[in-house]
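Content type compact mmCIF, C-alpha atoms, from the file start_18.txt:
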# COMPACT_ATOMS: atom_id res chain seq x y z
CA MET A 1 0.00 0.00 0.00
CA THR A 2 1.38 3.39 -0.95
CA TRP A 3 0.18 6.94 -0.59
CA ASN A 4 1.56 10.46 -0.65
CA GLN A 5 0.62 12.93 2.05
CA GLY A 6 2.37 16.27 1.80
CA ARG A 7 6.01 15.47 1.09
CA LEU A 8 5.93 12.15 2.94
CA SER A 9 5.39 8.87 1.15
CA LEU A 10 4.54 5.80 3.21
CA SER A 11 4.78 2.48 1.43
CA ALA A 12 5.18 -1.22 1.83
CA PRO A 13 8.86 -2.11 2.25
CA ALA A 14 10.60 -4.40 -0.18
CA GLY A 15 9.78 -8.02 0.52
CA ALA A 16 6.71 -7.17 2.57
CA GLY A 17 4.17 -8.33 0.01
CA ALA A 18 3.65 -11.65 1.75
CA THR A 19 2.04 -9.85 4.66
CA GLY A 20 -0.76 -8.55 2.48
CA SER A 21 -1.93 -5.20 1.18
CA ASP A 22 -2.49 -3.78 4.68
CA SER A 23 1.23 -3.66 5.43
CA TYR A 24 3.45 -0.61 5.15
CA PHE A 25 6.46 1.14 6.63
CA VAL A 26 6.46 4.48 8.46
CA PRO A 27 9.82 6.32 8.64
CA SER A 28 9.23 7.53 12.20
CA LEU A 29 7.99 6.49 15.63
CA PRO A 30 4.93 7.79 17.45
CA VAL A 31 5.64 10.82 19.63
CA GLU A 32 3.99 10.64 23.04
CA VAL A 33 3.59 14.39 23.38
CA HIS A 34 2.14 14.67 26.88
CA CYS A 35 3.00 11.79 29.20
CA HIS A 36 3.14 11.98 33.00
CA GLY A 37 4.70 8.65 33.90
CA LEU A 38 6.10 5.41 32.48
CA GLY A 39 6.45 2.34 34.64
CA ASP A 40 6.59 3.21 38.33
CA VAL A 41 8.19 6.63 37.84
CA ASP A 42 6.19 9.83 38.32
CA PHE A 43 8.01 12.27 36.06
CA SER A 44 7.21 15.14 38.43
CA ASP A 45 9.51 13.50 40.97
CA PHE A 46 12.38 14.28 38.63
CA SER A 47 15.03 13.71 41.32
CA ARG A 48 14.20 9.98 41.00
CA MET A 49 14.11 9.97 37.23
CA ASP A 50 16.86 7.83 35.73
CA LEU A 51 17.05 9.27 32.24
CA LYS A 52 18.83 6.27 30.75
CA GLU A 53 16.23 3.88 32.19
CA LEU A 54 13.45 6.10 30.87
CA ASN A 55 15.10 6.13 27.44
CA GLU A 56 15.20 2.34 27.49
CA ALA A 57 11.53 2.14 28.51
CA ALA A 58 10.59 4.42 25.62
CA ARG A 59 12.76 2.39 23.23
CA ALA A 60 11.04 -0.81 24.37
CA GLU A 61 7.64 0.73 23.61
CA GLY A 62 8.86 2.08 20.29
CA ILE A 63 8.01 5.71 21.04
CA ILE A 64 9.60 9.13 21.33
CA CYS A 65 8.56 10.37 24.77
CA ILE A 66 8.13 13.97 25.92
CA PRO A 67 7.82 13.68 29.72
CA THR A 68 5.47 16.28 31.18
CA LEU A 69 6.19 17.40 34.74
CA TYR A 70 4.50 19.39 37.48
CA LEU A 71 6.87 21.83 39.20
CA ARG A 72 6.68 23.27 42.71
CA GLN A 73 8.08 26.77 43.15
CA GLU A 74 10.74 25.75 45.66
CA ARG A 75 12.11 23.21 43.18
CA LEU A 76 12.72 25.61 40.31
CA ASP A 77 16.50 25.73 40.74
CA ASP A 78 16.61 21.94 41.06
CA PHE A 79 14.66 21.68 37.82
CA VAL A 80 17.10 23.94 35.98
CA ARG A 81 19.95 21.68 37.16
CA PHE A 82 17.99 18.61 36.06
CA MET A 83 17.49 20.16 32.62
CA ASP A 84 21.22 20.81 32.38
CA VAL A 85 21.89 17.11 33.03
CA PHE A 86 19.24 16.15 30.47
CA SER A 87 20.80 18.49 27.91
CA GLY A 88 24.25 17.00 28.42
CA GLN A 89 23.11 13.39 28.10
CA ARG A 90 21.02 14.19 25.05
CA ALA A 91 23.95 15.98 23.39
CA ASP A 92 26.07 12.89 24.02
CA GLY A 93 23.54 10.78 22.11
CA GLU A 94 22.49 8.81 25.20
CA LEU A 95 18.76 9.66 25.05
CA PRO A 96 17.51 9.19 21.49
CA TYR A 97 14.02 8.17 22.65
CA ILE A 98 13.42 11.17 24.93
CA GLY A 99 12.59 13.97 22.54
CA ALA A 100 12.31 16.83 25.02
CA MET A 101 10.84 17.80 28.40
CA ALA A 102 7.68 19.76 29.17
CA LEU A 103 5.91 21.40 32.11
CA GLU A 104 2.21 21.54 32.98
CA GLY A 105 1.89 24.85 34.82
CA PRO A 106 2.77 26.66 36.94
CA LEU A 107 0.63 29.59 35.67
CA VAL A 108 -2.75 27.86 35.81
CA ALA A 109 -6.11 29.64 35.92
CA SER A 110 -8.22 26.56 36.58
CA PHE A 111 -6.82 23.53 38.40
CA GLY A 112 -8.48 20.54 36.83
CA GLY A 113 -6.15 17.67 37.62
CA THR A 114 -3.13 19.91 38.27
CA PRO A 115 -1.85 19.56 41.87
CA ALA A 116 -2.37 22.74 43.89
CA SER A 117 1.24 22.59 45.03
CA SER A 118 2.42 23.18 41.46
CA VAL A 119 0.21 26.20 40.73
CA TRP A 120 2.00 29.52 41.22
CA ALA A 121 2.75 32.76 39.41
CA PRO A 122 6.46 33.05 38.56
CA SER A 123 8.17 36.38 39.01
CA ARG A 124 10.05 37.94 36.08
CA ALA A 125 13.26 36.37 37.37
CA GLU A 126 11.56 32.98 37.65
CA TRP A 127 10.15 33.28 34.13
CA ASP A 128 13.69 33.97 32.95
CA LYS A 129 14.90 30.81 34.70
CA LEU A 130 12.14 28.75 33.09
CA ALA A 131 12.92 30.25 29.70
CA SER A 132 16.61 29.42 30.15
CA CYS A 133 15.61 25.76 29.96
CA GLY A 134 14.54 26.16 26.33
CA PRO A 135 18.05 25.64 24.93
CA LEU A 136 18.38 22.69 27.34
CA GLY A 137 15.43 20.85 25.80
CA LEU A 138 12.27 22.25 27.44
CA ALA A 139 9.84 22.03 24.53
CA TYR A 140 6.77 23.66 26.05
CA ILE A 141 5.13 25.03 29.18
CA MET A 142 1.39 24.64 29.59
CA LEU A 143 -0.01 27.99 30.74
CA SER A 144 -3.47 29.50 30.97
CA PRO A 145 -3.72 32.49 28.63
CA ASP A 146 -6.47 33.96 30.83
CA ALA A 147 -4.57 33.37 34.09
CA LEU A 148 -4.19 37.11 34.66
CA THR A 149 -7.90 37.89 34.27
CA PRO A 150 -10.61 38.08 36.97
CA GLY A 151 -11.86 34.63 37.86
CA SER A 152 -8.45 32.99 37.60
CA TYR A 153 -7.19 31.08 40.63
CA VAL A 154 -3.88 32.96 40.68
CA ALA A 155 -5.21 36.44 39.82
CA PRO A 156 -6.07 37.63 43.37
CA ALA A 157 -2.49 37.10 44.56
CA LEU A 158 -0.72 38.77 41.63
CA PRO A 159 1.47 41.69 42.74
CA ALA A 160 1.27 45.15 41.20
CA GLY A 161 3.30 45.37 38.03
CA TYR A 162 3.07 41.65 37.28
CA PRO A 163 4.15 41.01 33.66
CA ASP A 164 1.38 40.73 31.10
CA LEU A 165 0.61 37.73 28.90
CA ALA A 166 2.46 39.10 25.87
CA TRP A 167 5.65 39.59 27.91
CA ILE A 168 5.45 36.05 29.33
CA VAL A 169 4.87 34.46 25.91
CA THR A 170 7.64 36.53 24.30
CA THR A 171 10.10 35.65 27.08
CA LEU A 172 9.44 31.93 26.59
CA VAL A 173 9.30 31.86 22.79
CA GLU A 174 12.51 33.84 22.38
CA ARG A 175 14.33 31.06 24.24
CA GLY A 176 12.62 28.30 22.26
CA VAL A 177 9.93 27.35 24.81
CA ARG A 178 6.46 27.05 23.29
CA PRO A 179 3.41 28.07 25.32
CA ALA A 180 0.81 25.29 25.46
CA LEU A 181 -2.55 26.96 26.01
CA GLY A 182 -4.98 25.32 28.41
CA HIS A 183 -6.82 25.25 31.75
CA PHE A 184 -9.08 28.25 31.11
CA THR A 185 -11.48 29.85 33.55
CA ARG A 186 -15.19 29.64 32.80
CA GLU A 187 -15.93 33.20 33.87
CA ASP A 188 -15.81 34.93 30.47
CA PRO A 189 -15.49 32.60 27.46
CA GLN A 190 -15.02 35.41 24.95
CA LEU A 191 -12.26 36.95 27.07
CA GLY A 192 -10.58 33.53 27.12
CA ALA A 193 -10.78 33.37 23.34
CA ASP A 194 -9.34 36.88 23.08
CA CYS A 195 -6.42 35.79 25.30
CA VAL A 196 -5.74 32.91 22.89
CA GLU A 197 -5.27 35.46 20.12
CA VAL A 198 -3.03 37.65 22.30
CA ALA A 199 -0.79 34.66 23.04
CA ILE A 200 -0.57 33.55 19.42
CA SER A 201 0.12 37.06 18.15
CA ALA A 202 2.85 37.61 20.75
CA ALA A 203 4.50 34.33 19.76
CA GLU A 204 4.33 35.22 16.07
CA ALA A 205 5.98 38.59 16.76
CA ALA A 206 8.75 37.13 18.93
CA ASP A 207 12.26 36.34 17.71
CA PHE A 208 11.98 32.54 17.77
CA PRO A 209 15.37 30.80 17.68
CA GLY A 210 14.10 27.55 16.23
CA ARG A 211 11.77 26.23 13.57
CA GLY A 212 8.38 24.61 13.76
CA VAL A 213 5.10 25.83 15.21
CA ARG A 214 5.49 28.30 18.08
CA VAL A 215 2.27 27.66 20.03
CA ILE A 216 0.55 24.42 20.96
CA THR A 217 -2.34 23.59 23.30
CA ASP A 218 -3.12 21.38 26.22
CA HIS A 219 -5.83 18.83 25.39
CA LEU A 220 -8.64 20.44 23.46
CA PHE A 221 -12.09 20.58 25.13
CA ASN A 222 -10.77 19.75 28.60
CA GLU A 223 -10.63 22.53 31.21
CA MET A 224 -12.21 25.21 29.06
CA PRO A 225 -15.65 26.83 28.82
CA LEU A 226 -17.87 24.88 26.42
CA LEU A 227 -21.40 25.01 25.05
CA ILE A 228 -21.46 21.21 24.83
CA LYS A 229 -21.01 18.17 27.03
CA HIS A 230 -17.70 16.84 25.75
CA ALA A 231 -17.34 13.54 27.66
CA PHE A 232 -19.59 10.73 28.88
CA ARG A 233 -17.75 8.88 31.65
CA THR A 234 -20.43 7.24 33.80
CA SER A 235 -23.13 4.71 33.00
CA ARG A 236 -25.80 7.37 33.48
CA ALA A 237 -24.03 9.76 31.11
CA LYS A 238 -23.38 7.00 28.58
CA ALA A 239 -27.09 6.14 28.50
CA GLU A 240 -27.79 9.67 27.24
CA ARG A 241 -24.76 9.90 25.00
CA ASP A 242 -26.29 9.07 21.59
CA ARG A 243 -29.19 11.48 22.09
CA VAL A 244 -26.92 14.30 23.25
CA ILE A 245 -24.39 13.82 20.43
CA ALA A 246 -27.18 13.75 17.84
CA SER A 247 -28.51 17.05 19.20
CA TYR A 248 -25.17 18.72 18.41
CA ASP A 249 -25.49 17.91 14.69
CA LEU A 250 -21.72 17.53 14.42
CA PRO A 251 -21.70 17.35 10.59
CA SER A 252 -23.01 20.93 10.57
CA TRP A 253 -20.10 22.26 12.63
CA ASN A 254 -18.06 24.73 10.62
CA LEU A 255 -15.27 27.22 11.23
CA THR A 256 -17.53 30.24 10.74
CA ASP A 257 -20.16 29.31 13.33
CA LEU A 258 -18.06 27.20 15.68
CA HIS A 259 -18.13 29.78 18.49
CA GLU A 260 -21.91 29.30 18.62
CA GLN A 261 -21.71 25.52 18.22
CA ALA A 262 -18.93 24.59 20.66
CA GLY A 263 -17.93 27.84 22.37
CA PRO A 264 -15.57 30.79 21.79
CA VAL A 265 -12.46 29.15 23.27
CA PRO A 266 -12.50 25.84 21.33
CA ALA A 267 -13.52 27.80 18.24
CA ALA A 268 -10.52 30.13 18.59
CA ILE A 269 -8.18 27.16 18.99
CA ILE A 270 -9.58 25.11 16.11
CA ARG A 271 -9.60 28.11 13.77
CA ALA A 272 -5.99 28.95 14.63
CA ALA A 273 -4.99 25.33 14.12
CA HIS A 274 -6.79 25.19 10.76
CA ALA A 275 -4.81 28.28 9.74
CA GLY A 276 -1.53 26.61 10.76
CA ARG A 277 -0.85 29.18 13.48
CA ILE A 278 -0.85 26.64 16.32
CA THR A 279 -0.79 22.88 16.79
CA ALA A 280 -3.67 21.60 18.90
CA CYS A 281 -3.46 18.51 21.11
CA LEU A 282 -6.35 16.12 21.57
CA ASN A 283 -6.85 13.00 23.64
CA PHE A 284 -8.21 9.87 21.95
CA ASP A 285 -8.95 7.60 24.90
CA GLY A 286 -12.68 8.28 24.40
CA GLU A 287 -13.01 9.38 28.02
CA HIS A 288 -11.30 12.74 28.14
CA VAL A 289 -13.30 13.66 25.01
CA ASP A 290 -16.04 11.75 23.22
CA PHE A 291 -14.77 10.11 20.04
CA ALA A 292 -17.33 11.77 17.76
CA ILE A 293 -16.46 15.26 19.02
CA ALA A 294 -12.73 14.55 18.79
CA GLN A 295 -13.04 13.23 15.24
CA ARG A 296 -15.03 16.28 14.11
CA ALA A 297 -12.41 18.59 15.62
CA VAL A 298 -9.69 16.83 13.61
CA GLU A 299 -11.74 17.16 10.43
CA LEU A 300 -12.14 20.91 11.00
CA ALA A 301 -8.57 21.70 12.02
CA GLY A 302 -6.91 19.17 9.73
CA PRO A 303 -4.84 16.19 10.96
CA SER A 304 -1.58 17.89 10.01
CA ASN A 305 -2.42 20.59 12.59
CA MET A 306 -3.31 18.20 15.42
CA MET A 307 -1.35 15.92 17.75
CA LEU A 308 -2.69 12.98 19.70
CA MET A 309 -1.77 13.28 23.39
CA THR A 310 -2.25 10.48 25.89
CA ASP A 311 -2.08 12.38 29.22
CA ARG A 312 -0.94 9.00 30.47
CA SER A 313 0.44 7.92 33.82
CA ASP A 314 1.32 4.31 34.56
CA THR A 315 1.53 5.04 38.27
CA PRO A 316 -1.15 6.27 40.72
CA ASN A 317 1.34 8.71 42.22
CA LEU A 318 1.37 11.96 40.28
CA GLY A 319 2.84 15.27 41.39
CA GLY A 320 2.46 14.40 45.06
CA GLN A 321 -1.11 13.17 44.62
CA HIS A 322 -2.26 9.59 45.16
CA LEU A 323 -4.78 8.81 42.44
CA HIS A 324 -7.50 6.20 42.17
CA ARG A 325 -9.50 4.52 39.40
CA ASP A 326 -13.25 4.44 38.83
CA ALA A 327 -14.84 1.17 37.71
CA GLU A 328 -16.69 2.89 34.86
CA ASN A 329 -13.69 4.12 32.87
CA SER A 330 -9.90 3.97 32.57
CA LEU A 331 -9.07 7.42 33.98
CA TRP A 332 -7.12 8.40 37.08
CA TYR A 333 -8.99 10.60 39.60
CA GLN A 334 -7.88 12.86 42.45
CA HIS A 335 -9.43 12.34 45.85
CA GLU A 336 -11.97 15.12 45.09
CA GLY A 337 -13.21 13.11 42.11
CA VAL A 338 -11.52 15.31 39.51
CA VAL A 339 -9.91 13.66 36.47
CA ALA A 340 -6.12 13.87 36.86
CA ALA A 341 -4.72 11.74 34.02
CA GLY A 342 -5.34 8.86 31.66
CA THR A 343 -4.01 5.33 31.60
CA GLN A 344 -4.30 4.28 27.95
CA PRO A 345 -0.91 3.97 26.18
CA ILE A 346 -0.42 5.41 22.74
CA ASP A 347 -0.95 2.14 20.84
CA LYS A 348 -4.38 1.76 22.45
CA GLN A 349 -5.26 5.29 21.40
CA ILE A 350 -3.96 4.67 17.87
CA ALA A 351 -6.28 1.67 17.72
CA ASN A 352 -9.13 3.87 18.92
CA VAL A 353 -8.52 6.34 16.07
CA ARG A 354 -8.26 3.53 13.55
CA GLY A 355 -11.57 2.16 14.82
CA LEU A 356 -13.22 5.46 13.89
CA GLY A 357 -12.31 4.86 10.24
CA VAL A 358 -9.63 7.55 10.11
CA SER A 359 -7.23 6.95 7.24
CA GLU A 360 -3.78 5.56 7.97
CA SER A 361 -2.09 8.68 6.59
CA ASP A 362 -4.15 10.92 8.89
CA ILE A 363 -3.40 8.66 11.85
CA TRP A 364 0.33 9.08 11.35
CA HIS A 365 0.00 12.84 11.15
CA LEU A 366 -1.83 12.76 14.47
CA VAL A 367 0.65 10.49 16.24
CA SER A 368 3.98 11.37 14.63
CA PHE A 369 4.37 13.65 11.63
CA THR A 370 2.73 16.74 13.14
CA ALA A 371 4.80 16.37 16.31
CA HIS A 372 8.00 16.06 14.30
CA ARG A 373 7.13 19.16 12.29
CA THR A 374 6.29 21.03 15.51
CA PHE A 375 9.12 19.96 17.81
CA PHE A 376 11.78 18.27 15.68
CA PRO A 377 11.66 19.88 12.22
CA GLU A 378 15.30 18.99 11.71
CA ALA A 379 14.45 15.27 11.64
CA ASP A 380 14.86 13.81 8.16
CA LEU A 381 11.79 11.64 7.77
CA LEU A 382 12.44 11.49 4.04
CA GLY A 383 15.85 9.85 4.37
CA ARG A 384 16.33 6.82 2.15
CA GLN A 385 17.45 4.80 5.17
CA PRO A 386 15.66 6.27 8.22
CA GLU A 387 17.29 5.49 11.55
CA ARG A 388 14.04 4.19 13.01
CA GLY A 389 10.46 3.63 12.08
CA CYS A 390 7.56 1.20 12.22
CA PHE A 391 6.22 -1.64 10.18
CA VAL A 392 2.42 -1.66 10.40
CA VAL A 393 0.94 -5.05 9.62
CA ASP A 394 -2.85 -5.43 9.76
CA GLY A 395 -3.06 -2.58 12.24
CA LYS A 396 -0.27 -3.86 14.49
CA ARG A 397 2.81 -1.69 14.92
CA ILE A 398 6.33 -3.13 15.02
CA ALA A 399 9.02 -0.58 15.86
CA VAL A 400 12.43 -0.99 14.25
CA GLY A 401 15.77 0.75 14.53

Would you write the structure of this file as structure tokens?
Amino acid sequence: MTWNQGRLSLSAPAGAGATGSDSYFVPSLPVEVHCHGLGDVDFSDFSRMDLKELNEAARAEGIICIPTLYLRQERLDDFVRFMDVFSGQRADGELPYIGAMALEGPLVASFGGTPASSVWAPSRAEWDKLASCGPLGLAYIMLSPDALTPGSYVAPALPAGYPDLAWIVTTLVERGVRPALGHFTREDPQLGADCVEVAISAAEAADFPGRGVRVITDHLFNEMPLLIKHAFRTSRAKAERDRVIASYDLPSWNLTDLHEQAGPVPAAIIRAAHAGRITACLNFDGEHVDFAIAQRAVELAGPSNMMLMTDRSDTPNLGGQHLHRDAENSLWYQHEGVVAAGTQPIDKQIANVRGLGVSESDIWHLVSFTAHRTFFPEADLLGRQPERGCFVVDGKRIAVG
């Protein structure tokens, strides 16, 4: 099987014909963009993170991992030192399966599953320290673009003269750290959408030292004001799911009217993604976001502007929180009953997308090609002999290299 998508051509390798027409080779691995823990290691406890062991765990799964950490204020200097170690080992070629690092917070307007201990408003000096980690391999920082507005958790404690959103975004982007927009308040949806535009415009005007897209998002539809019910996680909710989804008339959703169909914030994000100004992340475990809503969002934004994120943790210990499971789904919950993370690995989520009838080319944009273009544009996926990749045989992935 062969197709062309953009400049990339995916095709059956020589000698693979015996496996049938549903076999092909992909010149890259999936990128697990937003992952909180592999094995028994909570990435937020970075003092315990053995980078070489993590690299081996990612290699064994056949993925490029971007660990996503929560950071307490008193550990900022420790984190900078950790990033320096990561940078050195990566430069020495010891960590080929750890693509970068990322932070969720600390400037968070609405908690969601984020631990309270890792929500704080960095000073200018602290923002400079965080930005200094960009050249060391910090790919993105999830921040709330409306964190400085009334209704935000951190707003009441902000000191006079606190830097504005444009300054924060510019400071990060000019050191190569992308803002990942998420965790909005629900106070003023249109104000939240306006803040999305402020952040994107500031990033576009900044002197970015790298290549690739400058702004990404946290998972779309989660922790933002919506005009829809985006997930059906309990048996009672699932019993109403088909009726509710039908009432949204998803085929009628369009970029022009999306603010009235889904809400101003998701509309602003999807429109910006469609225009190629940002890359939006979306969970495909079916429990963070309903599959039908997620699929329609991909159709509107375009798969080459979207990345599948797992929000996965293999351990119930996350950022100092002890999590628990609910019998009705696969999610991790905090003790207050708030969703904190997912459990489904990337191959399960790839299978979920395939089960929706999404084409194989679109699947690989969602799980690999878009992430490479966003974070690793220097990677030569068109090389005649790629260093690593995947055979896909009847929907099963076999990593090589």

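Across A:Arg90, A:Arg72, A:Arg312, A:Arg373, the tightest approach to A:Thr343 is made by A:Arg312 when counting only C-alpha atoms.
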
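Counting from atom CA of A:Glu74, the distance to atom CA of A:His219 is 27.1 Å.
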
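Put simply, atom CA of A:Asp45 is 11.4 Å away from atom CA of A:Pro67.
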
Do you know which residues are at most 9 Å from A:Gly342 counting only C-alpha atoms, after dropping those on the same chain fewer than 3 positions away, and could you put them as a short mmCIF file (atom, residue, chain, number, x, y, z; two decimals) with C-alpha atoms, in the frame of the given file?
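The new file around_34.cif reads:
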data_model
loop_
_atom_site.label_atom_id
_atom_site.label_comp_id
_atom_site.auth_asym_id
_atom_site.auth_seq_id
_atom_site.Cartn_x
_atom_site.Cartn_y
_atom_site.Cartn_z
CA ASP A 285 -8.95 7.60 24.90
CA GLU A 287 -13.01 9.38 28.02
CA HIS A 288 -11.30 12.74 28.14
CA THR A 310 -2.25 10.48 25.89
CA ASP A 311 -2.08 12.38 29.22
CA ARG A 312 -0.94 9.00 30.47
CA SER A 313 0.44 7.92 33.82
CA ASP A 314 1.32 4.31 34.56
CA SER A 330 -9.90 3.97 32.57
CA LEU A 331 -9.07 7.42 33.98
CA TRP A 332 -7.12 8.40 37.08
CA TYR A 333 -8.99 10.60 39.60
CA VAL A 339 -9.91 13.66 36.47
CA PRO A 345 -0.91 3.97 26.18
#

Can you list every residue of stretch 269-303 of chain A that has an atom at most 12 Å from stretch 228-245 of chain A, with its nearest atom pair and the distance in Å to one decimal, using all atoms listed in the file, ordered by chain then number, as a Markdown table?
| residue | atom | partner | partner_atom | distance |
| --- | --- | --- | --- | --- |
| A:Asn283 | CA | A:Ala231 | CA | 11.2 |
| A:Phe284 | CA | A:Ala231 | CA | 11.4 |
| A:Asp285 | CA | A:Ala231 | CA | 10.6 |
| A:Gly286 | CA | A:Ala231 | CA | 7.7 |
| A:Glu287 | CA | A:Arg233 | CA | 6.0 |
| A:His288 | CA | A:Ala231 | CA | 6.1 |
| A:Val289 | CA | A:Ala231 | CA | 4.8 |
| A:Asp290 | CA | A:Ala231 | CA | 5.0 |
| A:Phe291 | CA | A:Ala231 | CA | 8.7 |
| A:Ala292 | CA | A:Ile245 | CA | 7.8 |
| A:Ile293 | CA | A:His230 | CA | 7.0 |
| A:Ala294 | CA | A:His230 | CA | 8.9 |
| A:Arg296 | CA | A:Ile245 | CA | 11.6 |
| A:Ala297 | CA | A:His230 | CA | 11.6 |

Go ahead and write the residues just picked, C-alpha atoms, as a PDB file, in the frame of the given file.
ATOM      1  CA  ASN A 283      -6.850  13.000  23.640  1.00  0.00           C
ATOM      2  CA  PHE A 284      -8.210   9.870  21.950  1.00  0.00           C
ATOM      3  CA  ASP A 285      -8.950   7.600  24.900  1.00  0.00           C
ATOM      4  CA  GLY A 286     -12.680   8.280  24.400  1.00  0.00           C
ATOM      5  CA  GLU A 287     -13.010   9.380  28.020  1.00  0.00           C
ATOM      6  CA  HIS A 288     -11.300  12.740  28.140  1.00  0.00           C
ATOM      7  CA  VAL A 289     -13.300  13.660  25.010  1.00  0.00           C
ATOM      8  CA  ASP A 290     -16.040  11.750  23.220  1.00  0.00           C
ATOM      9  CA  PHE A 291     -14.770  10.110  20.040  1.00  0.00           C
ATOM     10  CA  ALA A 292     -17.330  11.770  17.760  1.00  0.00           C
ATOM     11  CA  ILE A 293     -16.460  15.260  19.020  1.00  0.00           C
ATOM     12  CA  ALA A 294     -12.730  14.550  18.790  1.00  0.00           C
ATOM     13  CA  ARG A 296     -15.030  16.280  14.110  1.00  0.00           C
ATOM     14  CA  ALA A 297     -12.410  18.590  15.620  1.00  0.00           C
TER      15      ALA A 297
END

Test item: residues at most 10 Å from A:Phe79, all atoms listed in the file, excluding those fewer than 2 positions along its chain, as a PDB file with C-alpha atoms, in the coordinates of the input:
ATOM      1  CA  SER A  44       7.210  15.140  38.430  1.00  0.00           C
ATOM      2  CA  PHE A  46      12.380  14.280  38.630  1.00  0.00           C
ATOM      3  CA  SER A  47      15.030  13.710  41.320  1.00  0.00           C
ATOM      4  CA  LEU A  69       6.190  17.400  34.740  1.00  0.00           C
ATOM      5  CA  LEU A  71       6.870  21.830  39.200  1.00  0.00           C
ATOM      6  CA  ARG A  72       6.680  23.270  42.710  1.00  0.00           C
ATOM      7  CA  GLN A  73       8.080  26.770  43.150  1.00  0.00           C
ATOM      8  CA  GLU A  74      10.740  25.750  45.660  1.00  0.00           C
ATOM      9  CA  ARG A  75      12.110  23.210  43.180  1.00  0.00           C
ATOM     10  CA  LEU A  76      12.720  25.610  40.310  1.00  0.00           C
ATOM     11  CA  ASP A  77      16.500  25.730  40.740  1.00  0.00           C
ATOM     12  CA  ARG A  81      19.950  21.680  37.160  1.00  0.00           C
ATOM     13  CA  PHE A  82      17.990  18.610  36.060  1.00  0.00           C
ATOM     14  CA  MET A  83      17.490  20.160  32.620  1.00  0.00           C
ATOM     15  CA  ASP A  84      21.220  20.810  32.380  1.00  0.00           C
ATOM     16  CA  VAL A  85      21.890  17.110  33.030  1.00  0.00           C
ATOM     17  CA  LYS A 129      14.900  30.810  34.700  1.00  0.00           C
ATOM     18  CA  LEU A 130      12.140  28.750  33.090  1.00  0.00           C
ATOM     19  CA  CYS A 133      15.610  25.760  29.960  1.00  0.00           C
TER      20      CYS A 133
END

Could you list, as a PyMOL selection string, every residue within 8 Å of stretch 352-368 of chain A, counting all atoms listed in the file and ignoring same-chain residues fewer than 4 positions away? chain A and resi 3+5+10+28-32+284-286+291+295+303-304+306-308+348+372
